[in-house]
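File shown: upload08.cif (mmCIF, C-alpha atoms).
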```cif
data_protein
#
loop_
_atom_site.group_PDB
_atom_site.id
_atom_site.type_symbol
_atom_site.label_atom_id
_atom_site.label_comp_id
_atom_site.auth_asym_id
_atom_site.auth_seq_id
_atom_site.Cartn_x
_atom_site.Cartn_y
_atom_site.Cartn_z
ATOM 1 C CA MET A 1 14.660 -230.954 16.922
ATOM 2 C CA SER A 2 12.802 -227.678 17.195
ATOM 3 C CA SER A 3 10.438 -226.794 19.965
ATOM 4 C CA PRO A 4 7.097 -225.219 19.093
ATOM 5 C CA ALA A 5 7.168 -221.425 19.174
ATOM 6 C CA VAL A 6 4.042 -221.302 21.294
ATOM 7 C CA PRO A 7 3.683 -223.943 23.979
ATOM 8 C CA PRO A 8 0.359 -225.748 24.140
ATOM 9 C CA PRO A 9 -2.097 -224.214 26.618
ATOM 10 C CA ASP A 10 -1.879 -227.221 28.922
ATOM 11 C CA GLN A 11 1.863 -226.678 29.220
ATOM 12 C CA LEU A 12 1.342 -223.028 30.118
ATOM 13 C CA LEU A 13 -1.198 -224.050 32.724
ATOM 14 C CA ALA A 14 1.215 -226.656 34.062
ATOM 15 C CA LEU A 15 4.006 -224.065 34.410
ATOM 16 C CA ASP A 16 1.578 -221.717 36.149
ATOM 17 C CA ARG A 17 0.404 -224.468 38.509
ATOM 18 C CA LEU A 18 3.992 -225.446 39.227
ATOM 19 C CA LEU A 19 4.785 -221.834 40.111
ATOM 20 C CA ARG A 20 1.789 -221.614 42.452
ATOM 21 C CA LEU A 21 2.728 -224.918 44.094
ATOM 22 C CA SER A 22 6.093 -223.529 45.175
ATOM 23 C CA PRO A 23 5.708 -222.202 48.727
ATOM 24 C CA HIS A 24 8.574 -219.705 48.376
ATOM 25 C CA ASN A 25 7.208 -218.296 45.127
ATOM 26 C CA SER A 26 3.726 -218.051 46.656
ATOM 27 C CA PHE A 27 5.169 -216.321 49.713
ATOM 28 C CA LEU A 28 6.807 -213.737 47.458
ATOM 29 C CA GLY A 29 3.766 -213.488 45.165
ATOM 30 C CA ILE A 30 5.461 -214.389 41.869
ATOM 31 C CA LYS A 31 3.091 -214.852 38.939
ATOM 32 C CA LEU A 32 3.589 -216.257 35.445
ATOM 33 C CA GLU A 33 3.063 -213.552 32.833
ATOM 34 C CA SER A 34 3.830 -215.249 29.545
ATOM 35 C CA ALA A 35 5.738 -218.105 27.965
ATOM 36 C CA LYS A 36 6.330 -218.206 24.238
ATOM 37 C CA ASP A 37 9.125 -218.303 21.673
ATOM 38 C CA ASN A 38 11.434 -219.772 24.317
ATOM 39 C CA ARG A 39 10.984 -216.646 26.451
ATOM 40 C CA LEU A 40 9.294 -216.804 29.776
ATOM 41 C CA SER A 41 8.319 -213.904 31.998
ATOM 42 C CA VAL A 42 7.112 -213.579 35.564
ATOM 43 C CA SER A 43 6.060 -210.655 37.754
ATOM 44 C CA LEU A 44 6.273 -209.751 41.417
ATOM 45 C CA PRO A 45 4.254 -206.926 43.007
ATOM 46 C CA LEU A 46 6.519 -205.287 45.598
ATOM 47 C CA ARG A 47 5.558 -204.671 49.226
ATOM 48 C CA ASP A 48 7.247 -203.230 52.320
ATOM 49 C CA GLU A 49 8.027 -206.666 53.770
ATOM 50 C CA LEU A 50 10.418 -207.270 50.852
ATOM 51 C CA LEU A 51 12.543 -204.165 51.514
ATOM 52 C CA ALA A 52 16.235 -204.660 52.203
ATOM 53 C CA SER A 53 16.563 -201.924 54.781
ATOM 54 C CA THR A 54 14.337 -199.691 56.873
ATOM 55 C CA SER A 55 16.490 -196.653 56.169
ATOM 56 C CA GLU A 56 16.930 -196.513 52.406
ATOM 57 C CA GLY A 57 16.797 -198.286 49.080
ATOM 58 C CA GLY A 58 14.513 -200.833 47.512
ATOM 59 C CA VAL A 59 13.716 -204.503 47.757
ATOM 60 C CA HIS A 60 16.331 -206.920 49.083
ATOM 61 C CA SER A 61 18.699 -208.249 46.428
ATOM 62 C CA GLY A 62 17.655 -211.700 47.656
ATOM 63 C CA VAL A 63 14.153 -211.014 46.334
ATOM 64 C CA VAL A 64 15.701 -210.260 42.935
ATOM 65 C CA SER A 65 17.717 -213.504 43.269
ATOM 66 C CA SER A 66 14.584 -215.538 43.978
ATOM 67 C CA LEU A 67 12.708 -213.929 41.076
ATOM 68 C CA LEU A 68 15.573 -214.700 38.673
ATOM 69 C CA ASP A 69 15.961 -218.248 40.003
ATOM 70 C CA THR A 70 12.260 -218.792 39.351
ATOM 71 C CA SER A 71 12.168 -217.331 35.826
ATOM 72 C CA CYS A 72 15.370 -219.122 34.816
ATOM 73 C CA SER A 73 14.311 -222.543 36.115
ATOM 74 C CA LEU A 74 10.883 -222.272 34.453
ATOM 75 C CA ALA A 75 12.614 -221.227 31.207
ATOM 76 C CA VAL A 76 14.451 -224.570 31.254
ATOM 77 C CA MET A 77 11.149 -226.457 31.562
ATOM 78 C CA LEU A 78 9.651 -224.338 28.768
ATOM 79 C CA LYS A 79 12.563 -225.303 26.527
ATOM 80 C CA LEU A 80 12.297 -228.955 27.614
ATOM 81 C CA GLY A 81 8.600 -228.897 26.799
ATOM 82 C CA LYS A 82 7.859 -231.011 29.840
ATOM 83 C CA LEU A 83 7.957 -230.715 33.591
ATOM 84 C CA ILE A 84 11.198 -232.306 34.623
ATOM 85 C CA ARG A 85 12.939 -231.402 37.829
ATOM 86 C CA VAL A 86 15.818 -228.967 37.435
ATOM 87 C CA ALA A 87 18.331 -227.821 40.050
ATOM 88 C CA THR A 88 20.236 -224.540 39.958
ATOM 89 C CA LEU A 89 23.973 -225.226 39.686
ATOM 90 C CA ASP A 90 25.104 -221.625 39.706
ATOM 91 C CA MET A 91 23.869 -218.134 39.112
ATOM 92 C CA ARG A 92 25.791 -214.912 38.705
ATOM 93 C CA ILE A 93 23.803 -211.722 39.068
ATOM 94 C CA ASP A 94 24.922 -208.224 38.107
ATOM 95 C CA TYR A 95 22.950 -205.611 39.975
ATOM 96 C CA LEU A 96 22.767 -202.831 37.402
ATOM 97 C CA ARG A 97 21.026 -200.301 39.595
ATOM 98 C CA SER A 98 19.395 -200.158 42.993
ATOM 99 C CA ALA A 99 16.194 -202.141 43.089
ATOM 100 C CA PRO A 100 12.854 -200.333 43.286
ATOM 101 C CA ALA A 101 10.883 -200.179 46.556
ATOM 102 C CA GLU A 102 7.406 -200.287 45.046
ATOM 103 C CA GLY A 103 5.551 -201.085 41.881
ATOM 104 C CA THR A 104 6.068 -204.369 40.056
ATOM 105 C CA LEU A 105 9.314 -206.161 39.350
ATOM 106 C CA PHE A 106 9.371 -208.331 36.222
ATOM 107 C CA SER A 107 11.788 -211.001 35.102
ATOM 108 C CA ARG A 108 12.283 -212.598 31.718
ATOM 109 C CA ALA A 109 14.467 -215.609 31.006
ATOM 110 C CA THR A 110 15.612 -217.641 28.018
ATOM 111 C CA CYS A 111 17.249 -221.043 27.976
ATOM 112 C CA TYR A 112 19.734 -220.579 25.142
ATOM 113 C CA ARG A 113 21.376 -223.993 25.276
ATOM 114 C CA LEU A 114 19.904 -227.241 26.450
ATOM 115 C CA GLY A 115 22.159 -230.271 26.567
ATOM 116 C CA ASP A 116 21.386 -233.742 27.844
ATOM 117 C CA GLN A 117 22.118 -232.819 31.415
ATOM 118 C CA ILE A 118 22.903 -229.120 31.575
ATOM 119 C CA ALA A 119 20.886 -226.050 30.608
ATOM 120 C CA PHE A 120 22.326 -222.555 30.219
ATOM 121 C CA VAL A 121 19.964 -219.718 30.953
ATOM 122 C CA ARG A 122 20.086 -215.925 30.919
ATOM 123 C CA GLY A 123 17.623 -213.825 32.797
ATOM 124 C CA VAL A 124 16.919 -210.176 33.368
ATOM 125 C CA ALA A 125 14.943 -208.389 36.078
ATOM 126 C CA TYR A 126 13.376 -205.071 35.160
ATOM 127 C CA THR A 127 10.714 -202.515 35.895
ATOM 128 C CA VAL A 128 8.424 -200.934 33.331
ATOM 129 C CA LYS A 129 7.720 -197.222 33.237
ATOM 130 C CA ASP A 130 5.704 -195.518 30.516
ATOM 131 C CA GLY A 131 5.919 -198.698 28.477
ATOM 132 C CA LYS A 132 9.715 -198.740 28.647
ATOM 133 C CA GLU A 133 11.786 -201.429 30.327
ATOM 134 C CA ASP A 134 14.449 -200.414 32.813
ATOM 135 C CA LYS A 135 16.857 -203.228 33.766
ATOM 136 C CA VAL A 136 17.536 -203.814 37.468
ATOM 137 C CA ALA A 137 19.693 -206.948 37.225
ATOM 138 C CA GLU A 138 21.000 -209.525 34.780
ATOM 139 C CA ALA A 139 21.717 -213.163 35.513
ATOM 140 C CA ALA A 140 23.718 -215.922 33.859
ATOM 141 C CA SER A 141 23.003 -219.364 35.224
ATOM 142 C CA SER A 142 23.306 -223.073 34.638
ATOM 143 C CA PHE A 143 20.925 -225.830 35.672
ATOM 144 C CA LEU A 144 21.140 -229.569 36.093
ATOM 145 C CA VAL A 145 18.311 -231.415 34.339
ATOM 146 C CA ILE A 146 17.217 -234.366 36.444
ATOM 147 C CA HIS A 147 15.559 -236.528 33.775
ATOM 148 C CA GLN A 148 14.546 -239.335 36.101
ATOM 149 C CA GLN A 149 12.423 -236.941 38.173
ATOM 150 C CA ARG A 150 9.206 -235.678 36.635
ATOM 151 C CA VAL A 151 7.451 -232.878 38.461
ATOM 152 C CA SER A 152 3.742 -233.172 39.032
ATOM 153 C CA ALA A 153 1.707 -230.006 38.746
ATOM 154 C CA MET B 1 16.129 -195.494 64.804
ATOM 155 C CA ASN B 2 18.493 -195.367 61.834
ATOM 156 C CA LEU B 3 21.014 -197.996 60.868
ATOM 157 C CA ALA B 4 24.029 -196.047 62.198
ATOM 158 C CA ASN B 5 22.501 -195.838 65.690
ATOM 159 C CA VAL B 6 21.386 -199.444 65.713
ATOM 160 C CA LEU B 7 24.815 -200.568 64.538
ATOM 161 C CA GLU B 8 26.566 -198.551 67.223
ATOM 162 C CA GLN B 9 24.379 -200.002 69.973
ATOM 163 C CA ALA B 10 24.665 -203.507 68.554
ATOM 164 C CA LYS B 11 28.457 -203.241 68.648
ATOM 165 C CA VAL B 12 28.462 -201.947 72.217
ATOM 166 C CA ALA B 13 26.258 -204.875 73.238
ATOM 167 C CA SER B 14 28.165 -207.250 70.895
ATOM 168 C CA ASP B 15 24.752 -208.334 69.645
ATOM 169 C CA PRO B 16 24.567 -208.873 65.858
ATOM 170 C CA GLN B 17 20.973 -210.093 66.141
ATOM 171 C CA SER B 18 19.757 -206.586 67.011
ATOM 172 C CA LEU B 19 20.930 -205.385 63.571
ATOM 173 C CA LEU B 20 18.230 -207.469 61.921
ATOM 174 C CA GLN B 21 15.549 -204.973 62.993
ATOM 175 C CA CYS B 22 16.890 -202.755 60.189
ATOM 176 C CA PHE B 23 16.406 -205.443 57.535
ATOM 177 C CA PRO B 24 12.706 -206.207 56.968
ATOM 178 C CA TYR B 25 13.059 -208.887 54.293
ATOM 179 C CA ALA B 26 15.844 -210.781 56.045
ATOM 180 C CA GLN B 27 13.635 -210.825 59.159
ATOM 181 C CA ALA B 28 10.513 -211.852 57.245
ATOM 182 C CA LEU B 29 12.401 -214.741 55.679
ATOM 183 C CA GLY B 30 13.579 -215.931 59.111
ATOM 184 C CA ILE B 31 17.227 -214.878 59.221
ATOM 185 C CA SER B 32 18.982 -214.392 62.561
ATOM 186 C CA ALA B 33 22.592 -213.831 63.608
ATOM 187 C CA SER B 34 24.839 -214.925 66.453
ATOM 188 C CA TRP B 35 28.446 -215.526 67.416
ATOM 189 C CA ASP B 36 30.228 -218.789 66.899
ATOM 190 C CA ASN B 37 33.851 -218.896 68.056
ATOM 191 C CA GLU B 38 33.993 -215.094 67.786
ATOM 192 C CA LYS B 39 32.798 -215.227 64.192
ATOM 193 C CA LEU B 40 29.514 -213.865 62.990
ATOM 194 C CA VAL B 41 27.219 -216.631 61.777
ATOM 195 C CA ALA B 42 23.832 -215.991 60.216
ATOM 196 C CA HIS B 43 21.046 -218.547 60.315
ATOM 197 C CA LEU B 44 18.010 -219.209 58.159
ATOM 198 C CA ALA B 45 15.342 -221.013 60.156
ATOM 199 C CA PHE B 46 13.427 -223.689 58.319
ATOM 200 C CA ASP B 47 9.925 -222.649 57.354
ATOM 201 C CA GLN B 48 7.559 -223.815 54.642
ATOM 202 C CA HIS B 49 7.891 -220.438 52.877
ATOM 203 C CA ILE B 50 11.532 -221.046 51.923
ATOM 204 C CA ILE B 51 10.700 -224.304 50.116
ATOM 205 C CA GLY B 52 11.010 -223.864 46.356
ATOM 206 C CA ASP B 53 10.129 -227.344 45.182
ATOM 207 C CA LEU B 54 7.477 -229.077 47.241
ATOM 208 C CA GLY B 55 7.928 -232.477 45.583
ATOM 209 C CA ALA B 56 11.659 -232.582 46.249
ATOM 210 C CA ALA B 57 11.327 -230.752 49.614
ATOM 211 C CA ALA B 58 14.220 -228.544 48.497
ATOM 212 C CA LEU B 59 14.896 -224.963 49.562
ATOM 213 C CA GLN B 60 14.532 -222.329 46.836
ATOM 214 C CA GLY B 61 17.926 -221.189 45.537
ATOM 215 C CA GLY B 62 16.877 -217.573 45.997
ATOM 216 C CA ALA B 63 16.213 -218.161 49.702
ATOM 217 C CA ILE B 64 19.720 -219.587 50.146
ATOM 218 C CA SER B 65 21.101 -216.700 48.106
ATOM 219 C CA THR B 66 19.278 -214.249 50.397
ATOM 220 C CA LEU B 67 20.965 -215.842 53.412
ATOM 221 C CA LEU B 68 24.380 -215.599 51.703
ATOM 222 C CA GLU B 69 23.848 -211.958 50.730
ATOM 223 C CA SER B 70 22.535 -211.016 54.170
ATOM 224 C CA THR B 71 25.513 -212.707 55.817
ATOM 225 C CA ALA B 72 27.872 -210.698 53.599
ATOM 226 C CA VAL B 73 26.128 -207.417 54.513
ATOM 227 C CA LEU B 74 26.022 -208.155 58.248
ATOM 228 C CA SER B 75 29.707 -209.097 58.281
ATOM 229 C CA LEU B 76 30.667 -205.983 56.327
ATOM 230 C CA LEU B 77 28.642 -203.673 58.543
ATOM 231 C CA TRP B 78 30.219 -205.244 61.594
ATOM 232 C CA SER B 79 33.730 -204.788 60.221
ATOM 233 C CA VAL B 80 33.505 -201.162 59.073
ATOM 234 C CA GLU B 81 34.291 -198.227 61.294
ATOM 235 C CA LYS B 82 32.193 -195.710 59.466
ATOM 236 C CA ILE B 83 28.677 -196.598 58.483
ATOM 237 C CA GLN B 84 28.137 -197.059 54.783
ATOM 238 C CA MET B 85 25.195 -199.117 53.608
ATOM 239 C CA PRO B 86 26.784 -201.677 51.296
ATOM 240 C CA GLN B 87 25.339 -201.994 47.786
ATOM 241 C CA PHE B 88 25.669 -205.207 45.825
ATOM 242 C CA MET B 89 27.457 -204.936 42.494
ATOM 243 C CA ASN B 90 27.389 -208.582 41.638
ATOM 244 C CA HIS B 91 26.846 -211.843 43.370
ATOM 245 C CA SER B 92 27.785 -215.296 42.127
ATOM 246 C CA VAL B 93 26.387 -218.373 43.853
ATOM 247 C CA GLU B 94 27.297 -222.002 43.382
ATOM 248 C CA TYR B 95 24.749 -224.480 44.646
ATOM 249 C CA LEU B 96 26.684 -227.500 45.883
ATOM 250 C CA ALA B 97 23.898 -229.610 47.302
ATOM 251 C CA SER B 98 20.152 -229.457 47.588
ATOM 252 C CA GLY B 99 18.978 -227.456 50.633
ATOM 253 C CA ARG B 100 17.050 -229.797 52.927
ATOM 254 C CA PRO B 101 14.121 -228.771 55.145
ATOM 255 C CA LYS B 102 16.226 -227.881 58.168
ATOM 256 C CA PRO B 103 18.125 -224.824 59.508
ATOM 257 C CA THR B 104 20.847 -223.348 57.302
ATOM 258 C CA HIS B 105 23.857 -221.394 58.540
ATOM 259 C CA ALA B 106 26.267 -219.084 56.751
ATOM 260 C CA GLN B 107 29.531 -217.344 57.419
ATOM 261 C CA ALA B 108 31.323 -214.698 55.385
ATOM 262 C CA GLU B 109 34.985 -213.994 54.881
ATOM 263 C CA ILE B 110 35.939 -210.515 53.761
ATOM 264 C CA VAL B 111 38.716 -211.276 51.305
ATOM 265 C CA ARG B 112 39.503 -207.676 50.485
ATOM 266 C CA HIS B 113 38.113 -204.526 51.984
ATOM 267 C CA GLY B 114 39.117 -201.598 49.786
ATOM 268 C CA HIS B 115 38.032 -197.986 49.894
ATOM 269 C CA GLN B 116 35.282 -198.455 47.350
ATOM 270 C CA ILE B 117 34.877 -202.178 46.845
ATOM 271 C CA ALA B 118 34.759 -205.150 49.171
ATOM 272 C CA ASN B 119 35.170 -208.723 47.991
ATOM 273 C CA VAL B 120 33.374 -211.251 50.176
ATOM 274 C CA ARG B 121 33.230 -215.048 50.091
ATOM 275 C CA THR B 122 30.377 -216.718 51.875
ATOM 276 C CA ILE B 123 29.484 -220.330 52.481
ATOM 277 C CA ALA B 124 26.258 -221.909 53.687
ATOM 278 C CA TRP B 125 25.844 -225.268 55.346
ATOM 279 C CA GLN B 126 23.274 -227.368 57.178
ATOM 280 C CA GLY B 127 24.215 -229.938 59.814
ATOM 281 C CA ASP B 128 27.865 -230.362 58.824
ATOM 282 C CA ARG B 129 29.969 -227.263 58.269
ATOM 283 C CA SER B 130 32.507 -229.238 56.240
ATOM 284 C CA ALA B 131 29.777 -230.134 53.724
ATOM 285 C CA PRO B 132 28.618 -226.746 52.420
ATOM 286 C CA ILE B 133 25.400 -226.588 50.377
ATOM 287 C CA ALA B 134 26.254 -223.266 48.695
ATOM 288 C CA ALA B 135 29.178 -220.910 48.201
ATOM 289 C CA ALA B 136 29.154 -217.349 46.920
ATOM 290 C CA HIS B 137 31.493 -214.575 46.012
ATOM 291 C CA THR B 138 30.189 -211.073 46.053
ATOM 292 C CA HIS B 139 31.445 -207.629 45.086
ATOM 293 C CA VAL B 140 30.025 -204.894 47.230
ATOM 294 C CA LEU B 141 30.196 -201.175 46.547
ATOM 295 C CA LEU B 142 30.971 -199.303 49.741
ATOM 296 C CA VAL B 143 30.840 -195.679 48.686
ATOM 297 C CA PRO B 144 27.518 -194.475 47.343
ATOM 298 C CA GLU B 145 27.771 -192.866 43.931
ATOM 299 C CA SER B 146 28.093 -189.128 44.312
ATOM 300 C CA LYS B 147 26.205 -186.529 42.253
#
```

Structure encoded using structure tokens:
Amino acid sequence: MSSPAVPPPDQLLALDRLLRLSPHNSFLGIKLESAKDNRLSVSLPLRDELLASTSEGGVHSGVVSSLLDTSCSLAVMLKLGKLIRVATLDMRIDYLRSAPAEGTLFSRATCYRLGDQIAFVRGVAYTVKDGKEDKVAEAASSFLVIHQQRVSA
Amino acid sequence: MNLANVLEQAKVASDPQSLLQCFPYAQALGISASWDNEKLVAHLAFDQHIIGDLGAAALQGGAISTLLESTAVLSLLWSVEKIQMPQFMNHSVEYLASGRPKPTHAQAEIVRHGHQIANVRTIAWQGDRSAPIAAAHTHVLLVPESK
């Protein structure tokens, strides 16, 4: 069974609505950027409140964690082609460089294996400068697909 | 006031909570710290803004991860003699149970504290400490890259 390369517009809208309905994602300000060819991307405009420390460095690694959790879980639903509840089982994040303090942080995720119950997802968080991507973190994660629970959005 | 000064005063007063003033996001999310049986325990207060999935009333994994990471940093800062702002290298979280809409607590164990790298295990729980909702292991870089 192959999934359509471009999801129908109503599915995109549903993913976007689902994202907006999540209080934590709204609090952070995460937005859906695109979803096609099994690749989903989100963005997060950075602000001072999200900084890890007052003395140095960029946004808290927890912000990067939340962004990756969001992109990865939505990537599972994109692959599923329907809004079914998923739960993060585990996520390993490599922090490749210190996170930025300002600008916009992006994340892209792909569900590269979807079984009956488990989905495997890889995600990356990055910034864009002069049209070039610069990776901040990479994530490998697995999700439980809870088929009996549809999500309404 | 910089982190080194705040840390010094916090240690004199044995008050881990005062360290949080140096960590804007941890504070904004609702993280606090206290002592429990002489061990540092960090807390994440319940608030609507840490809910990830409204329908399931479940905490967002990233919010739990933030608590785990913050607990690791606070515990490391408390245990070091010389101030070095820890930098995360990698962080691996296992979500053991859905986070319910109530306070979450976390405690870190520094497994190995080397010159350059610290290895930290952290667990998070809600009502019952023997039923953790998440566990993490984290590698932290202690010496900033020179050059």

Using all atoms listed in the file, which of the listed residues (A:Ser61, A:Thr104, A:Asn25, A:Ser71) sits closest to Asp53 of chain B? A:Asn25

Counting only C-alpha atoms, figure out which residue out of B:Glu109, B:Asp36, B:Glu94, B:Asp47 gets nearest to chain A. B:Glu94

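Among the candidates A:Lys129, A:Asp134, A:Gln117, A:Val124, the one nearest to Ile84 of chain A when counting all atoms listed in the file is A:Gln117.
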
I need the chain B residues near chain A as an MDAnalysis selection string; criterion: at most 8 Å, counting only C-alpha atoms. chainID B and resid 2:3 22:26 28 48:55 60:63 65:67 69 87:96 98

Just need the box for segment 49-59 of chain B, edges along x, y and z, holding every atom the file lists for it with 6 Å tacked onto each side, so centre and edge lengths in Å to one decimal, as lines of an AutoDock Vina configuration file.
```
center_x = 11.2
center_y = -226.5
center_z = 49.0
size_x = 19.4
size_y = 24.1
size_z = 19.7
```

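Proximity to Pro45 of chain A was assessed for A:Gly58, A:Gly29, A:Gly115, A:Gly81 counting all atoms listed in the file; the smallest distance is recorded for A:Gly29.
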
Might you spell out which residues the PyMOL selection byres ((chain A and resi 41) around 9) would select in the displayed file, as a ChimeraX atom specification? /A:31-35,39-40,42-43,71,75,106-109

Given only C-alpha atoms as the counted atoms, nearest of A:Leu44, A:Arg20, A:Pro100, A:Leu15 to Lys79 of chain A: A:Leu15

Would you translate the PyMOL selection byres ((chain B and resi 100-105) around 6) into the concrete set of residues it matches in this file, as a list in words? Ala42, His43, Leu44, Ala45, Phe46, Ala58, Gly99, Ala106, Ala124, Trp125 and Gln126 of chain B

What separation in Å, quoted to one decimal, exists between atom CA of Val6 of chain B and atom CA of Val111 of chain B? 25.5 Å

Tell me, in Å to one decimal, how far atom CA of Ile133 of chain B is from atom CA of Ile64 of chain B. 9.0 Å

Neighbouring residues of Asp116 of chain A were defined as those with any atom within 10 Å, considering all atoms listed in the file; residues of the same chain fewer than 2 positions away were excluded. Please report them as an MDAnalysis selection string. chainID A and resid 114 118:119 144:147

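Put simply, atom CA of Val80 of chain B is 22.1 Å away from atom CA of Gln27 of chain B.
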
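Near segment 71-78 of chain B, within 9 Å and counting all atoms listed in the file, sit Leu7, Lys11, Pro16, Leu19, Leu20, Ala33, Leu40, Val41, Ala42, His43, Gln84, Met85, Pro86, Gln87, Phe88, Ala106, Gln107, Ala108, Glu109, Ile110, His113, Ala118, Val120, Arg121, Thr122, Thr138 and Val140 of chain B, not including residues fewer than 6 positions from it in the same chain.
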
Nearest residue to His139 of chain B from the set B:Ala97, B:Ala57, B:Gln116, B:Glu8 (distances using all atoms listed in the file): B:Gln116

Any chance you could model N, CA, C and O atoms for segment 133-146 of chain A and send them as a PDB file, in the frame of the given file?
```pdb
ATOM      1  N   GLU A 133      11.130-200.568  29.341  1.00  0.00           N
ATOM      2  CA  GLU A 133      11.786-201.429  30.327  1.00  0.00           C
ATOM      3  C   GLU A 133      13.032-200.759  30.879  1.00  0.00           C
ATOM      4  O   GLU A 133      13.766-200.105  30.138  1.00  0.00           O
ATOM      5  N   ASP A 134      13.251-200.939  32.168  1.00  0.00           N
ATOM      6  CA  ASP A 134      14.449-200.414  32.813  1.00  0.00           C
ATOM      7  C   ASP A 134      15.066-201.572  33.608  1.00  0.00           C
ATOM      8  O   ASP A 134      14.496-202.036  34.605  1.00  0.00           O
ATOM      9  N   LYS A 135      16.234-202.053  33.148  1.00  0.00           N
ATOM     10  CA  LYS A 135      16.857-203.228  33.766  1.00  0.00           C
ATOM     11  C   LYS A 135      17.336-202.948  35.189  1.00  0.00           C
ATOM     12  O   LYS A 135      17.985-201.933  35.437  1.00  0.00           O
ATOM     13  N   VAL A 136      17.057-203.876  36.082  1.00  0.00           N
ATOM     14  CA  VAL A 136      17.536-203.814  37.468  1.00  0.00           C
ATOM     15  C   VAL A 136      18.732-204.761  37.640  1.00  0.00           C
ATOM     16  O   VAL A 136      19.715-204.427  38.290  1.00  0.00           O
ATOM     17  N   ALA A 137      18.639-205.942  37.045  1.00  0.00           N
ATOM     18  CA  ALA A 137      19.693-206.948  37.225  1.00  0.00           C
ATOM     19  C   ALA A 137      19.709-207.915  36.054  1.00  0.00           C
ATOM     20  O   ALA A 137      18.687-208.118  35.390  1.00  0.00           O
ATOM     21  N   GLU A 138      20.875-208.490  35.802  1.00  0.00           N
ATOM     22  CA  GLU A 138      21.000-209.525  34.780  1.00  0.00           C
ATOM     23  C   GLU A 138      21.622-210.760  35.406  1.00  0.00           C
ATOM     24  O   GLU A 138      22.503-210.656  36.266  1.00  0.00           O
ATOM     25  N   ALA A 139      21.189-211.919  34.948  1.00  0.00           N
ATOM     26  CA  ALA A 139      21.717-213.163  35.513  1.00  0.00           C
ATOM     27  C   ALA A 139      22.178-214.114  34.429  1.00  0.00           C
ATOM     28  O   ALA A 139      21.573-214.195  33.358  1.00  0.00           O
ATOM     29  N   ALA A 140      23.266-214.822  34.702  1.00  0.00           N
ATOM     30  CA  ALA A 140      23.718-215.922  33.859  1.00  0.00           C
ATOM     31  C   ALA A 140      23.752-217.147  34.765  1.00  0.00           C
ATOM     32  O   ALA A 140      24.317-217.094  35.868  1.00  0.00           O
ATOM     33  N   SER A 141      23.119-218.222  34.318  1.00  0.00           N
ATOM     34  CA  SER A 141      23.003-219.364  35.224  1.00  0.00           C
ATOM     35  C   SER A 141      23.077-220.682  34.477  1.00  0.00           C
ATOM     36  O   SER A 141      22.898-220.729  33.261  1.00  0.00           O
ATOM     37  N   SER A 142      23.362-221.738  35.224  1.00  0.00           N
ATOM     38  CA  SER A 142      23.306-223.073  34.638  1.00  0.00           C
ATOM     39  C   SER A 142      22.498-223.977  35.563  1.00  0.00           C
ATOM     40  O   SER A 142      22.469-223.783  36.786  1.00  0.00           O
ATOM     41  N   PHE A 143      21.831-224.938  34.941  1.00  0.00           N
ATOM     42  CA  PHE A 143      20.925-225.830  35.672  1.00  0.00           C
ATOM     43  C   PHE A 143      21.231-227.279  35.331  1.00  0.00           C
ATOM     44  O   PHE A 143      21.612-227.591  34.194  1.00  0.00           O
ATOM     45  N   LEU A 144      21.040-228.136  36.318  1.00  0.00           N
ATOM     46  CA  LEU A 144      21.140-229.569  36.093  1.00  0.00           C
ATOM     47  C   LEU A 144      19.730-230.086  35.783  1.00  0.00           C
ATOM     48  O   LEU A 144      18.780-229.760  36.500  1.00  0.00           O
ATOM     49  N   VAL A 145      19.615-230.844  34.705  1.00  0.00           N
ATOM     50  CA  VAL A 145      18.311-231.415  34.339  1.00  0.00           C
ATOM     51  C   VAL A 145      18.255-232.835  34.889  1.00  0.00           C
ATOM     52  O   VAL A 145      19.084-233.673  34.542  1.00  0.00           O
ATOM     53  N   ILE A 146      17.298-233.065  35.782  1.00  0.00           N
ATOM     54  CA  ILE A 146      17.217-234.366  36.444  1.00  0.00           C
ATOM     55  C   ILE A 146      16.132-235.180  35.753  1.00  0.00           C
ATOM     56  O   ILE A 146      14.977-235.194  36.158  1.00  0.00           O
TER      57      ILE A 146
END
```
